[in-house]
Every structure is written in C-alpha cells, then in structure tokens.
Amino acid sequence: MLILRMLPRAALIPCYYVVRMSALSRIGVAIDSALLEKFDKLIARRGYTNRSEAFRDLIREELVEEAWESPDAHVVGTVTLVYDHHVRLLSEKLTGIQHDFHHSILSTLHVHLDHDTCLEVMVVRGKAAVVRRVADVLISTKGVKHGRLTITTTGQELK
C-alpha cells in the first residue's frame with residue numbers, strides 16, 4: 001500500500017513523499033493459557049510492548065539459525081576467549097592464529113580482567129564454515145580456559 005503525504009507547511013515548495021508500507025498478515029495462534037502467561041511475563045521482562053514484536057523476533061531468530069546451517073551462508077559474529085596470559089607462548093599462539101585468519105577477523109578487543117586473566121573478543125565475518133573453523137581453532141588452543149562463538153546474520157536476508 002502506498003500513502004502520499006504532503007510535507008509540513010514550513011516547507012517552501014510543496015512536495016509529496018511516498019511511504020511504503022509492508023503487507024502485514026494477521027494470524028491466529030492457539031496456545032495453552034499457562035504457557036501464554038509465562039510468555040507474557042518473559043516478554044515484559046525483556047521490554048516488549050506487545051506480543052507481535054516478540055513473535056516476529058522469535059521467527060527471525062529461527063530463520064537466522066537456519067541460515068547458519070549452510071556452510072556458504074555469510075555471517076557475522078564474535079569469538080570470546082578467556083585465558084591466563086601466563087601460559088607459555090599462549091598470547092603469541094593466539095596472535096598467530098588471528099594473523100592466519102586475518103580475512104575473517106575484523107577487530108579484536110583485549111581486556112585485562114585481573115593480574116593473570118585476559119578476555120579477548122574478536123569480531124568475525126565470512127562464510128559460516130570459515131567462521132566456525134576460526135572459532136574452533138582459537139577456542140581449542142591449549143591454555144584457553146573458556147571460549148564461545150556467537151553467530152548472527154548480516155541482516156541482508158531479513159527485511
């Protein structure tokens with residue numbers, strides 16, 4: 001649907017602009033009352049003002065997750081590592097790995113959590129299979145205490 005609107009009177013030259021509205025579809029969902037009550041409490045805690053946006057986000061989440069399953073899907077994400085920087089040559093190994101995968105690693109944040117422990121967060125981008133490989137190599141490096149890959153979409157397929 002197209003809506004034509006005139007700019008406010010303050011404009012020197014009258015002109016119109018077009019607002020494109022997406023086609024909304026209404027659906028009905030049958031859901032157990034107890035489950036709905038729990039869902040309402042969850043979305044209220046998360047700050048949703050209505051169920052529709054919460055349902056849309058749940059659907060988007062599933063679509064994004066499905067896209068990750070394709071090794072050729074383009075994704076972005078973060079690799080988070082926690083490690084003891086006193087472990088012999090660990091910092092050098094991690095830096096070397098990052099250089100090996102420089103095409104996939106966009107940025108790195110290094111934080112000193114305490115005297116011994118470091119947190120490193122790398123922003124990664126590329127094909128899902130490559131991003132997973134980068135994360136696996138980094139996380140499995142001897143001396144890394146904990147690591148996690150978080151993948152999301154580039155947003156191109158979500159309109």
# chains A, B, ... in the order shown; residues from 1 in each chain; ligands from 1
$ residues_around --residues "A:Asp114" --least-positions-apart "6" --cutoff "12 Å" --atoms "only C-alpha atoms" --output "tab-separated table (two decimals) with N, CA and C atoms, in the first residue's frame"
chain	number	residue	atom	x	y	z
A	82	VAL	N	38.58	-16.51	27.17
A	82	VAL	CA	39.12	-16.18	28.49
A	82	VAL	C	40.33	-17.08	28.67
A	83	TYR	N	41.46	-16.46	29.02
A	83	TYR	CA	42.67	-17.26	29.18
A	83	TYR	C	43.64	-16.62	30.15
A	84	ASP	N	44.55	-17.45	30.63
A	84	ASP	CA	45.62	-17.00	31.53
A	84	ASP	C	46.79	-16.59	30.66
A	85	HIS	N	47.15	-15.32	30.69
A	85	HIS	CA	48.21	-14.86	29.79
A	85	HIS	C	49.60	-15.32	30.23
A	86	HIS	N	49.69	-15.97	31.41
A	86	HIS	CA	50.98	-16.50	31.85
A	86	HIS	C	51.29	-17.86	31.22
$ residues_around --residues "A:Leu138" --least-positions-apart "4" --cutoff "10 Å" --atoms "only C-alpha atoms" --output "list in words"
Val79, Thr80, Leu81, Lys93, Leu94, Thr95, Ile97, Gln98, Arg132, Arg133, Val134, Lys142, Val144, Gly147, Arg148 and Leu149 of chain A
$ atom_distance --atom1 "atom CA of A:Ser70" --atom2 "atom CA of A:Ser107"
24.1 Å
$ closest_residue --among "A:Ala54, A:Ala128, A:Ile151, A:Ala34" --to "A:Pro71" --atoms "only C-alpha atoms"
A:Ala128
$ select_by_dssp --residues "chain A" --states "strand (DSSP E or B)" --output "PyMOL selection string"
chain A and resi 2-6+16-20+74-84+105-112+117-127+144-153
$ decode --residues "stretch 35-144 of chain A" --atoms "C-alpha atoms" --output "mmCIF file, in the first residue's frame"
data_model
loop_
_atom_site.group_PDB
_atom_site.id
_atom_site.type_symbol
_atom_site.label_atom_id
_atom_site.label_comp_id
_atom_site.auth_asym_id
_atom_site.auth_seq_id
_atom_site.Cartn_x
_atom_site.Cartn_y
_atom_site.Cartn_z
ATOM 1 C CA LEU A 35 2.245 -21.092 28.520
ATOM 2 C CA LEU A 36 0.878 -17.759 27.316
ATOM 3 C CA GLU A 37 1.114 -16.343 30.839
ATOM 4 C CA LYS A 38 4.778 -17.387 31.045
ATOM 5 C CA PHE A 39 5.412 -15.897 27.605
ATOM 6 C CA ASP A 40 3.778 -12.605 28.622
ATOM 7 C CA LYS A 41 5.981 -12.415 31.735
ATOM 8 C CA LEU A 42 9.087 -13.173 29.655
ATOM 9 C CA ILE A 43 8.382 -10.520 27.040
ATOM 10 C CA ALA A 44 7.509 -7.966 29.727
ATOM 11 C CA ARG A 45 10.902 -8.583 31.409
ATOM 12 C CA ARG A 46 12.586 -8.097 28.042
ATOM 13 C CA GLY A 47 10.753 -4.844 27.416
ATOM 14 C CA TYR A 48 8.420 -5.816 24.587
ATOM 15 C CA THR A 49 5.315 -3.664 24.396
ATOM 16 C CA ASN A 50 3.287 -6.264 22.513
ATOM 17 C CA ARG A 51 3.250 -9.932 21.615
ATOM 18 C CA SER A 52 3.501 -9.314 17.878
ATOM 19 C CA GLU A 53 7.039 -7.945 18.010
ATOM 20 C CA ALA A 54 8.107 -10.759 20.345
ATOM 21 C CA PHE A 55 6.694 -13.354 17.925
ATOM 22 C CA ARG A 56 8.424 -11.629 14.984
ATOM 23 C CA ASP A 57 11.744 -11.739 16.850
ATOM 24 C CA LEU A 58 11.298 -15.433 17.629
ATOM 25 C CA ILE A 59 10.627 -16.144 13.958
ATOM 26 C CA ARG A 60 13.658 -14.084 12.872
ATOM 27 C CA GLU A 61 15.827 -15.951 15.381
ATOM 28 C CA GLU A 62 14.828 -19.288 13.874
ATOM 29 C CA LEU A 63 15.414 -18.030 10.322
ATOM 30 C CA VAL A 64 18.872 -16.748 11.260
ATOM 31 C CA GLU A 65 19.752 -20.006 12.994
ATOM 32 C CA GLU A 66 18.639 -21.980 9.951
ATOM 33 C CA ALA A 67 20.842 -19.808 7.730
ATOM 34 C CA TRP A 68 23.917 -20.650 9.846
ATOM 35 C CA GLU A 69 23.477 -24.289 8.952
ATOM 36 C CA SER A 70 24.538 -23.571 5.388
ATOM 37 C CA PRO A 71 28.349 -23.557 5.265
ATOM 38 C CA ASP A 72 28.238 -20.936 2.494
ATOM 39 C CA ALA A 73 25.937 -18.527 4.341
ATOM 40 C CA HIS A 74 27.536 -15.146 5.058
ATOM 41 C CA VAL A 75 27.507 -14.482 8.793
ATOM 42 C CA VAL A 76 28.994 -12.147 11.371
ATOM 43 C CA GLY A 77 29.712 -12.882 14.984
ATOM 44 C CA THR A 78 32.068 -12.806 17.892
ATOM 45 C CA VAL A 79 34.578 -15.219 19.328
ATOM 46 C CA THR A 80 35.083 -14.673 23.044
ATOM 47 C CA LEU A 81 38.077 -16.161 24.832
ATOM 48 C CA VAL A 82 39.118 -16.184 28.485
ATOM 49 C CA TYR A 83 42.667 -17.259 29.179
ATOM 50 C CA ASP A 84 45.616 -16.999 31.530
ATOM 51 C CA HIS A 85 48.210 -14.857 29.793
ATOM 52 C CA HIS A 86 50.978 -16.504 31.853
ATOM 53 C CA VAL A 87 50.550 -19.769 29.914
ATOM 54 C CA ARG A 88 53.766 -20.164 27.958
ATOM 55 C CA LEU A 89 53.534 -18.696 24.440
ATOM 56 C CA LEU A 90 49.704 -18.626 24.511
ATOM 57 C CA SER A 91 49.409 -14.935 23.625
ATOM 58 C CA GLU A 92 51.788 -15.434 20.697
ATOM 59 C CA LYS A 93 49.864 -18.505 19.507
ATOM 60 C CA LEU A 94 46.547 -16.644 19.618
ATOM 61 C CA THR A 95 48.023 -13.677 17.760
ATOM 62 C CA GLY A 96 49.484 -16.031 15.140
ATOM 63 C CA ILE A 97 46.115 -17.704 14.620
ATOM 64 C CA GLN A 98 44.472 -14.309 14.227
ATOM 65 C CA HIS A 99 47.010 -13.391 11.569
ATOM 66 C CA ASP A 100 46.384 -16.705 9.800
ATOM 67 C CA PHE A 101 42.682 -15.827 9.611
ATOM 68 C CA HIS A 102 43.067 -12.067 9.077
ATOM 69 C CA HIS A 103 40.475 -12.074 6.282
ATOM 70 C CA SER A 104 37.825 -13.313 8.712
ATOM 71 C CA ILE A 105 38.724 -11.294 11.822
ATOM 72 C CA LEU A 106 37.584 -7.691 11.587
ATOM 73 C CA SER A 107 38.526 -6.427 15.022
ATOM 74 C CA THR A 108 39.883 -7.582 18.374
ATOM 75 C CA LEU A 109 39.287 -6.249 21.867
ATOM 76 C CA HIS A 110 41.714 -7.291 24.609
ATOM 77 C CA VAL A 111 40.802 -6.714 28.263
ATOM 78 C CA HIS A 112 42.905 -7.452 31.354
ATOM 79 C CA LEU A 113 40.388 -8.898 33.827
ATOM 80 C CA ASP A 114 42.930 -9.253 36.619
ATOM 81 C CA HIS A 115 46.652 -9.845 37.035
ATOM 82 C CA ASP A 116 46.505 -13.258 35.359
ATOM 83 C CA THR A 117 43.337 -13.429 33.269
ATOM 84 C CA CYS A 118 42.589 -11.853 29.905
ATOM 85 C CA LEU A 119 39.377 -11.600 27.930
ATOM 86 C CA GLU A 120 39.627 -11.325 24.172
ATOM 87 C CA VAL A 121 36.684 -10.666 21.868
ATOM 88 C CA MET A 122 37.097 -10.934 18.108
ATOM 89 C CA VAL A 123 34.533 -9.728 15.596
ATOM 90 C CA VAL A 124 34.411 -12.219 12.739
ATOM 91 C CA ARG A 125 32.747 -12.222 9.343
ATOM 92 C CA GLY A 126 32.602 -14.572 6.383
ATOM 93 C CA LYS A 127 31.152 -17.858 5.272
ATOM 94 C CA ALA A 128 29.687 -19.818 8.174
ATOM 95 C CA ALA A 129 32.082 -22.750 7.707
ATOM 96 C CA VAL A 130 35.141 -20.485 7.819
ATOM 97 C CA VAL A 131 33.875 -18.525 10.825
ATOM 98 C CA ARG A 132 33.255 -21.783 12.690
ATOM 99 C CA ARG A 133 36.748 -23.010 11.774
ATOM 100 C CA VAL A 134 38.338 -19.797 13.089
ATOM 101 C CA ALA A 135 36.429 -20.149 16.356
ATOM 102 C CA ASP A 136 37.253 -23.841 16.730
ATOM 103 C CA VAL A 137 40.974 -23.238 16.250
ATOM 104 C CA LEU A 138 41.039 -20.353 18.738
ATOM 105 C CA ILE A 139 38.864 -21.999 21.388
ATOM 106 C CA SER A 140 40.725 -25.319 21.255
ATOM 107 C CA THR A 141 44.139 -23.694 21.701
ATOM 108 C CA LYS A 142 45.836 -25.163 24.754
ATOM 109 C CA GLY A 143 45.591 -22.709 27.636
ATOM 110 C CA VAL A 144 42.262 -21.139 26.694
#
